2 protein chains.
Amino acid sequence: MPPRLKDVAARAGVSIKTVSNVVNGYVHVAPGTRARVQAVIEALGYVPNLAARQLRGGRSGVIALAVPELPAPYFAELAGLIVQAAERRRWTVLIDQTDGRAERERDLLAGLRRHAIDGLIFSPSALNGEEIVGSGGPPAVLLGARAGPGVADHVAIDDRAAGADATRHLCELGRNRIAVIGVLDDSPRGAAARRRLAGYRAALAEAGLANDPALEVGVGRFGRAEGAAAMGRLLGRARPPDAVFCVNDLLALGALRTLLERGVDVPGEVALIGFDDIEDGRFSTPTLSTVAPDTPRVAQLAVDLLAERLGDGPAASGPPRELRVEHRLLPRESTVG
Amino acid sequence: MPPRLKDVAARAGVSIKTVSNVVNGYVHVAPGTRARVQAVIEALGYVPNLAARQLRGGRSGVIALAVPELPAPYFAELAGLIVQAAERRRWTVLIDQTDGRAERERDLLAGLRRHAIDGLIFSPSALNGEEIVGSGGPPAVLLGARAGPGVADHVAIDDRAAGADATRHLCELGRNRIAVIGVLDDSPRGAAARRRLAGYRAALAEAGLANDPALEVGVGRFGRAEGAAAMGRLLGRARPPDAVFCVNDLLALGALRTLLERGVDVPGEVALIGFDDIEDGRFSTPTLSTVAPDTPRVAQLAVDLLAERLGDGPAASGPPRELRVEHRLLPRESTVG
DNA sequence: CTTAAGTCCTGCAACGTTGTAGAGTGCGAA
DNA sequence: TTCGCACTCTACAACGTTGCAGGACTTAAG
């Protein structure tokens with residue numbers, strides 16, 4: 001029903017291939033012919049058939065983005081930015097939600113989509129990098145958690161340094177019972193959280209503060225509810241903290257809710273800092289201090305790296321690259337209220 | 001490089017078509033043959049090529065979901081639910097962000113994707129329904145804003161009734177200067193907001209309250225920042241309101257920030273209610289009263305309607321259907337603190 | 001005037017799949 | 001015995017596109 005090259009060719013009185021050449025901007029087409037074909041293309045509303053193109057050329061123009069949870073503000077924002085960056089290269093982005101289930105991540109890689117996507121931007125939560133890249137799938141760029149050195153292209157902030165920055169900020173306020181929320185077990189999930197934790201410990205040591213295991217609280221997921229519950233546990237301790245570093249803003253917002261609900265003054269009695277700079281934290285009361293990764297740059301670099309891998313240049317088969325992006329400490333009312 | 005039907009056929013000693021029949025579950029294949037072919041399929045890791053399937057069959061197994069803003073929590077949640085519902089039908093969802101730009105919405109419909117998607121679930125913001133459906137594109141299901149009667153399948157809550165419910169709740173608290181934030185100009189954007197506004201006015205009338213135009217505040221977008229600014233304007237009025245209905249939760253969270261920032265007691269001095277029941281509102285302080293649409297059901301119905309259109313049954317070409325889903329009033333601390 | 005290089009255009013084949021038509025069995029009913 | 005039917009499997013064509021090879025013509029160089 002929709003017009004094909006054949007239809008355009010018939011109307012313009014040229015061969016199918018010439019129309020194809022016009023569509024693809026091939027140089028050796030006489031200006032008059034080009035104009036005539038263009039006119040017919042517009043008159044008929046011809047649009048190339050992607051399936052046929054892909055079948056022929058092996059490229060679909062679609063890349064996949066896999067994130068653990070789309071509704072999490074940070075990932076939603078990241079997804080939006082990646083879609084924008086991809087659009088500039090005329091790529092379509094297929095957004096996939098893995099729910100942190102390894103099975104789902106594996107399906108995604110092995111499943112039908114294997115033929116359908118040219119590349120993958122992956123923010124892993126359950127699988128580690130080896131498994132992702134070793135599966136013989138399309139070129140991948142990893143975000144956030146590192147997959148071990150040299151496995152795949154990788155874009156991330158320096159989580160350890162950022163965690164230290166956040167903690168140091170709390171130290172500089174004169175706090176000396178600084179808790180952290182977001183410790184996770186050994187699963188590949190939370191690899192970034194573990195590096196932020198390492199930064200936390202380093203900053204404590206640097207400030208001459210003891211590292212009290214009772215002040216490190218684990219969570220099962222990284223949502224508001226878990227942050228609220230974790231804060232509840234902290235407040236139940238014999239000696240509650242006077243400052244809390246949450247490894248992401250959602251945990252922090254949950255923790256904030258618990259603090260305010262129990263009448264704890266923030267930042268007077270407890271200072272609170274999160275991580276990610278999601279919009280919610282800019283409108284909470286008190287506004288949430290946080291560490292802001294340069295997410296637009298993460299998105300841009302991820303797409304750029306993938307483009308290099310997919311290109312025909314020499315970079316396409318080079319060794320995996322590790323890129324770091326900047327982060328900024330954003331003190332707000334929850335620490336310097 | 002990846003194995004094709006041909007490779008499987010060669011190894012199993014059958015014809016290509018027989019392998020295809022096995023893959024597609026065709027019944028008349030001898031059990032022994034089937035088993036042998038299955039074994040080879042697994043040994044080689046054969047996966048059907050989607051591009052070829054689509055080229056042959058005209059169906060891609062991909063549906064598009066177009067929302068104005070992916071990072072908005074309500075849309076992110078909706079998207080997640082639709083992806084889940086689609087997954088049950090083994091569809092892939094291509095999520096598109098239109099940014100509320102008519103041009104972008106048009107591109108989406110007319111552009112390359114025209115061949116690539118089987119159907120469309122559209123939460124329109126800039127285009128009206130006629131334009132969407134009239135474009136000769138794939139079957140579409142509209143969410144939220146109505147496209148005028150009988151244009152396309154449509155799933156929504158009763159925004160007018162829901163707006164009235166929210167306002168009535170404020171009336172029943174004894175408030176009598178009830179403002180509304182979220183009035184929008186006449187553009188197709190904010191059609192739902194306008195119906196919520198109509199409900200607001202109806203509830204005021206029902207309660208015997210005058211309708212004061214000074215208490216209806218417009219916004220340019222539906223985000224936190226706009227809510228905060230609008231609240232600022234309301235507080236600047238000679239006689240500020242004692243209750244505010246925001247047509248969505250983001251506006252309400254922005255308004256809440258302004259109220260608390262200025263030391264206004266919520267709900268003591270000003271009661272506040274939003275709309276959508278996004279997670280943020282369950283963890284703000286005070287927690288945000290709201291109206292909760294049955295979003296999981298919206299998602300499920302949207303996918304079901306699309307499935308009917310895409311099916312071969314009689315429903316495929318029937319008249320457009322209008323489906324309503326329920327909503328619930330959720331009083332929380334911002335009104336009944 | 002011949003040859004080489006360049007320009008413009010065309011036809012063929014192939015990408016991997018599935019619908020259609022039909023060939024070759026074996027089995028039960030007439 | 002003969003026919004028809006159900007079953008199992010196969011060959012072929014087509015979906016819409018683009019790379020390749022090459023034909024016809026023009027221009028520039030020797």
# chains A, B, ... in the order shown; residues from 1 in each chain; ligands from 1

call {"tool": "residues_around", "arguments": {"residues": "DC25 of chain D", "least_positions_apart": "4", "cutoff": "12 Å", "atoms": "only C-alpha atoms (C1' of nucleotides)", "output": "PyMOL selection string"}}
result
chain C and resi 6-9

call {"tool": "residues_around", "arguments": {"residues": "Ala255 of chain B", "least_positions_apart": "3", "cutoff": "8 Å", "atoms": "only C-alpha atoms (C1' of nucleotides)", "output": "PDB file with C-alpha atoms, in the first residue's frame"}}
result
ATOM      1  CA  ARG B 224       7.601  21.426  39.441  1.00  0.00           C
ATOM      2  CA  GLY B 227       3.932  24.860  40.030  1.00  0.00           C
ATOM      3  CA  ALA B 228       6.300  26.694  42.318  1.00  0.00           C
ATOM      4  CA  ALA B 229       6.040  29.890  40.300  1.00  0.00           C
ATOM      5  CA  ALA B 230       2.270  29.695  40.071  1.00  0.00           C
ATOM      6  CA  MET B 231       2.007  29.259  43.826  1.00  0.00           C
ATOM      7  CA  GLY B 232       4.190  32.290  44.239  1.00  0.00           C
ATOM      8  CA  LEU B 251       2.708  21.146  39.856  1.00  0.00           C
ATOM      9  CA  ALA B 252       1.563  20.351  43.379  1.00  0.00           C
ATOM     10  CA  THR B 258       6.878  27.469  47.588  1.00  0.00           C
ATOM     11  CA  LEU B 259       4.405  27.191  50.456  1.00  0.00           C
TER      12      LEU B 259
END

call {"tool": "select_by_dssp", "arguments": {"residues": "segment 69-305 of chain A", "states": "helix (DSSP H, G or I)", "output": "MDAnalysis selection string"}}
result
chainID A and resid 73:88 102:110 113:116 129:134 159:172 191:206 213:215 224:236 249:261 280:283 295:305

call {"tool": "write_last_selection", "arguments": {"atoms": "C-alpha atoms", "output": "short mmCIF file (atom, residue, chain, number, x, y, z; two decimals), in the first residue's frame"}}
result
data_model
loop_
_atom_site.label_atom_id
_atom_site.label_comp_id
_atom_site.auth_asym_id
_atom_site.auth_seq_id
_atom_site.Cartn_x
_atom_site.Cartn_y
_atom_site.Cartn_z
CA PRO A 73 14.04 9.65 37.70
CA TYR A 74 17.73 9.33 37.06
CA PHE A 75 17.26 6.66 34.42
CA ALA A 76 14.31 8.45 32.87
CA GLU A 77 16.41 11.55 32.52
CA LEU A 78 19.35 9.59 31.16
CA ALA A 79 17.09 7.87 28.66
CA GLY A 80 15.74 11.18 27.46
CA LEU A 81 19.23 12.52 26.94
CA ILE A 82 20.40 9.44 25.10
CA VAL A 83 17.40 9.56 22.82
CA GLN A 84 18.26 13.16 22.01
CA ALA A 85 21.88 12.37 21.33
CA ALA A 86 20.94 9.40 19.16
CA GLU A 87 18.48 11.47 17.23
CA ARG A 88 21.29 13.68 16.03
CA ALA A 102 19.54 -11.20 35.09
CA GLU A 103 17.18 -13.38 33.12
CA ARG A 104 15.62 -10.35 31.49
CA GLU A 105 19.00 -8.90 30.64
CA ARG A 106 20.04 -12.17 29.08
CA ASP A 107 16.83 -12.42 27.08
CA LEU A 108 17.44 -9.01 25.76
CA LEU A 109 20.87 -9.90 24.55
CA ALA A 110 20.16 -13.33 23.17
CA ARG A 113 16.45 -8.30 19.26
CA ARG A 114 19.82 -9.69 18.49
CA HIS A 115 19.24 -9.10 14.81
CA ALA A 116 17.24 -5.98 15.28
CA GLY A 129 30.30 -6.97 31.84
CA GLU A 130 31.85 -10.21 30.70
CA GLU A 131 28.51 -11.81 30.30
CA ILE A 132 27.22 -8.89 28.30
CA VAL A 133 30.05 -8.60 25.91
CA GLY A 134 30.95 -12.24 25.71
CA ASP A 159 32.12 7.14 41.91
CA ARG A 160 34.75 6.70 44.54
CA ALA A 161 35.88 10.32 44.36
CA ALA A 162 32.29 11.50 44.23
CA GLY A 163 31.36 9.48 47.27
CA ALA A 164 34.34 10.93 49.05
CA ASP A 165 33.33 14.45 48.04
CA ALA A 166 29.87 13.98 49.47
CA THR A 167 31.23 12.56 52.71
CA ARG A 168 33.91 15.21 53.00
CA HIS A 169 31.22 17.85 52.70
CA LEU A 170 29.48 16.35 55.73
CA CYS A 171 32.77 16.20 57.63
CA GLU A 172 33.42 19.84 56.93
CA ALA A 191 28.74 -1.86 41.91
CA ALA A 192 28.59 1.91 41.68
CA ALA A 193 27.14 2.06 45.18
CA ARG A 194 30.05 0.05 46.48
CA ARG A 195 32.53 2.44 44.96
CA ARG A 196 30.70 5.38 46.50
CA LEU A 197 30.90 3.53 49.77
CA ALA A 198 34.64 3.15 49.34
CA GLY A 199 34.86 6.90 48.86
CA TYR A 200 32.83 7.40 52.01
CA ARG A 201 35.22 5.28 54.01
CA ALA A 202 38.22 7.02 52.56
CA ALA A 203 36.83 10.43 53.43
CA LEU A 204 36.09 9.33 56.98
CA ALA A 205 39.62 8.10 57.40
CA GLU A 206 40.98 11.28 55.93
CA PRO A 213 29.81 -0.63 60.82
CA ALA A 214 26.59 0.20 62.64
CA LEU A 215 26.38 3.33 60.51
CA ARG A 224 12.30 5.96 48.29
CA ALA A 225 10.63 3.27 50.38
CA GLU A 226 13.96 1.56 51.06
CA GLY A 227 15.55 4.86 52.02
CA ALA A 228 12.73 5.59 54.42
CA ALA A 229 13.02 2.18 56.03
CA ALA A 230 16.80 2.38 56.30
CA MET A 231 16.57 5.76 57.98
CA GLY A 232 14.09 4.30 60.42
CA ARG A 233 16.61 1.66 61.36
CA LEU A 234 19.33 4.27 61.82
CA LEU A 235 17.14 6.35 64.10
CA GLY A 236 16.49 3.28 66.18
CA ASP A 249 18.68 10.79 45.70
CA LEU A 250 15.72 8.46 45.87
CA LEU A 251 17.08 6.84 49.00
CA ALA A 252 17.76 10.30 50.37
CA LEU A 253 14.23 11.51 49.70
CA GLY A 254 12.87 8.45 51.46
CA ALA A 255 15.22 9.07 54.36
CA LEU A 256 14.19 12.71 54.46
CA ARG A 257 10.56 11.69 54.75
CA THR A 258 11.33 9.51 57.78
CA LEU A 259 13.39 12.23 59.44
CA LEU A 260 10.70 14.89 59.04
CA GLU A 261 7.96 12.48 60.00
CA ASP A 280 12.75 15.97 42.96
CA GLY A 281 15.58 17.00 45.23
CA ARG A 282 15.49 20.55 43.95
CA PHE A 283 11.90 20.95 45.12
CA THR A 295 24.59 13.20 32.84
CA PRO A 296 24.17 15.02 29.54
CA ARG A 297 27.81 14.33 28.89
CA VAL A 298 27.45 10.68 29.86
CA ALA A 299 24.68 10.38 27.31
CA GLN A 300 26.61 12.15 24.60
CA LEU A 301 29.77 10.14 25.17
CA ALA A 302 27.92 6.87 25.25
CA VAL A 303 26.37 7.58 21.89
CA ASP A 304 29.65 8.84 20.49
CA LEU A 305 31.52 5.74 21.59
#

call {"tool": "interface_residues", "arguments": {"of": "chain B", "to": "chain D", "cutoff": "10 Å", "atoms": "only C-alpha atoms (C1' of nucleotides)", "output": "count of residues only"}}
result
16

call {"tool": "interface_residues", "arguments": {"of": "chain C", "to": "chain B", "cutoff": "7 Å", "atoms": "only C-alpha atoms (C1' of nucleotides)", "output": "PyMOL selection string"}}
result
chain C and resi 16-18

call {"tool": "write_last_selection", "arguments": {"atoms": "N, CA and C atoms (P, O5', C5', C4', C3', O3' and C1' of nucleotides)", "output": "PDB file, in the first residue's frame"}}
result
ATOM      1  P    DG C  16      21.399 -13.731   5.176  1.00  0.00           P
ATOM      2  O5'  DG C  16      19.896 -14.042   5.597  1.00  0.00           O
ATOM      3  C5'  DG C  16      19.350 -13.346   6.698  1.00  0.00           C
ATOM      4  C4'  DG C  16      17.883 -13.685   6.833  1.00  0.00           C
ATOM      5  C3'  DG C  16      17.602 -15.172   7.068  1.00  0.00           C
ATOM      6  O3'  DG C  16      16.714 -15.253   8.171  1.00  0.00           O
ATOM      7  C1'  DG C  16      16.317 -14.353   5.249  1.00  0.00           C
ATOM      8  P    DT C  17      16.087 -16.606   8.671  1.00  0.00           P
ATOM      9  O5'  DT C  17      14.599 -16.463   8.151  1.00  0.00           O
ATOM     10  C5'  DT C  17      13.768 -15.454   8.701  1.00  0.00           C
ATOM     11  C4'  DT C  17      12.558 -15.217   7.843  1.00  0.00           C
ATOM     12  C3'  DT C  17      11.568 -16.363   7.796  1.00  0.00           C
ATOM     13  O3'  DT C  17      10.579 -16.127   8.797  1.00  0.00           O
ATOM     14  C1'  DT C  17      11.886 -15.335   5.642  1.00  0.00           C
ATOM     15  P    DT C  18       9.573 -17.320   9.104  1.00  0.00           P
ATOM     16  O5'  DT C  18       8.539 -17.168   7.900  1.00  0.00           O
ATOM     17  C5'  DT C  18       7.644 -16.060   7.870  1.00  0.00           C
ATOM     18  C4'  DT C  18       6.754 -16.181   6.657  1.00  0.00           C
ATOM     19  C3'  DT C  18       5.788 -17.372   6.700  1.00  0.00           C
ATOM     20  O3'  DT C  18       4.550 -16.918   6.167  1.00  0.00           O
ATOM     21  C1'  DT C  18       7.093 -17.476   4.756  1.00  0.00           C
TER      22       DT C  18
END

call {"tool": "residues_around", "arguments": {"residues": "Leu310 of chain B", "least_positions_apart": "2", "cutoff": "12 Å", "atoms": "only C-alpha atoms (C1' of nucleotides)", "output": "PyMOL selection string"}}
result
chain B and resi 58-63+89+91+117-120+138-141+303-308+312-318

call {"tool": "atom_distance", "arguments": {"atom1": "atom CA of Ser289 of chain A", "atom2": "atom CA of Ser334 of chain A"}}
result
5.6 Å

call {"tool": "select_by_dssp", "arguments": {"residues": "segment 43-256 of chain B", "states": "strand (DSSP E)", "output": "PyMOL selection string"}}
result
chain B and resi 62-67+92-97+119-122+140-143+153-157+178-183+216-218+243-246

call {"tool": "residues_around", "arguments": {"residues": "Ala145 of chain B", "least_positions_apart": "5", "cutoff": "8 Å", "atoms": "only C-alpha atoms (C1' of nucleotides)", "output": "PyMOL selection string"}}
result
chain B and resi 123-125+156+190-192

call {"tool": "closest_residue", "arguments": {"among": "B:Ile278, B:Cys246, B:Ile121, B:Ile273", "to": "chain A", "atoms": "only C-alpha atoms"}}
result
B:Ile278

call {"tool": "atom_distance", "arguments": {"atom1": "atom CA of Ala243 of chain B", "atom2": "atom CA of Ile178 of chain B"}}
result
4.7 Å

call {"tool": "residues_around", "arguments": {"residues": "Asp158 of chain B", "least_positions_apart": "4", "cutoff": "8 Å", "atoms": "only C-alpha atoms (C1' of nucleotides)", "output": "count of residues only"}}
result
5

call {"tool": "closest_residue", "arguments": {"among": "A:Ala72, A:Ala179, A:Leu44, A:Val336", "to": "chain B", "atoms": "only C-alpha atoms"}}
result
A:Ala72

call {"tool": "closest_residue", "arguments": {"among": "B:Leu94, B:Val19, B:Val67, B:Val27", "to": "chain A", "atoms": "only C-alpha atoms"}}
result
B:Leu94
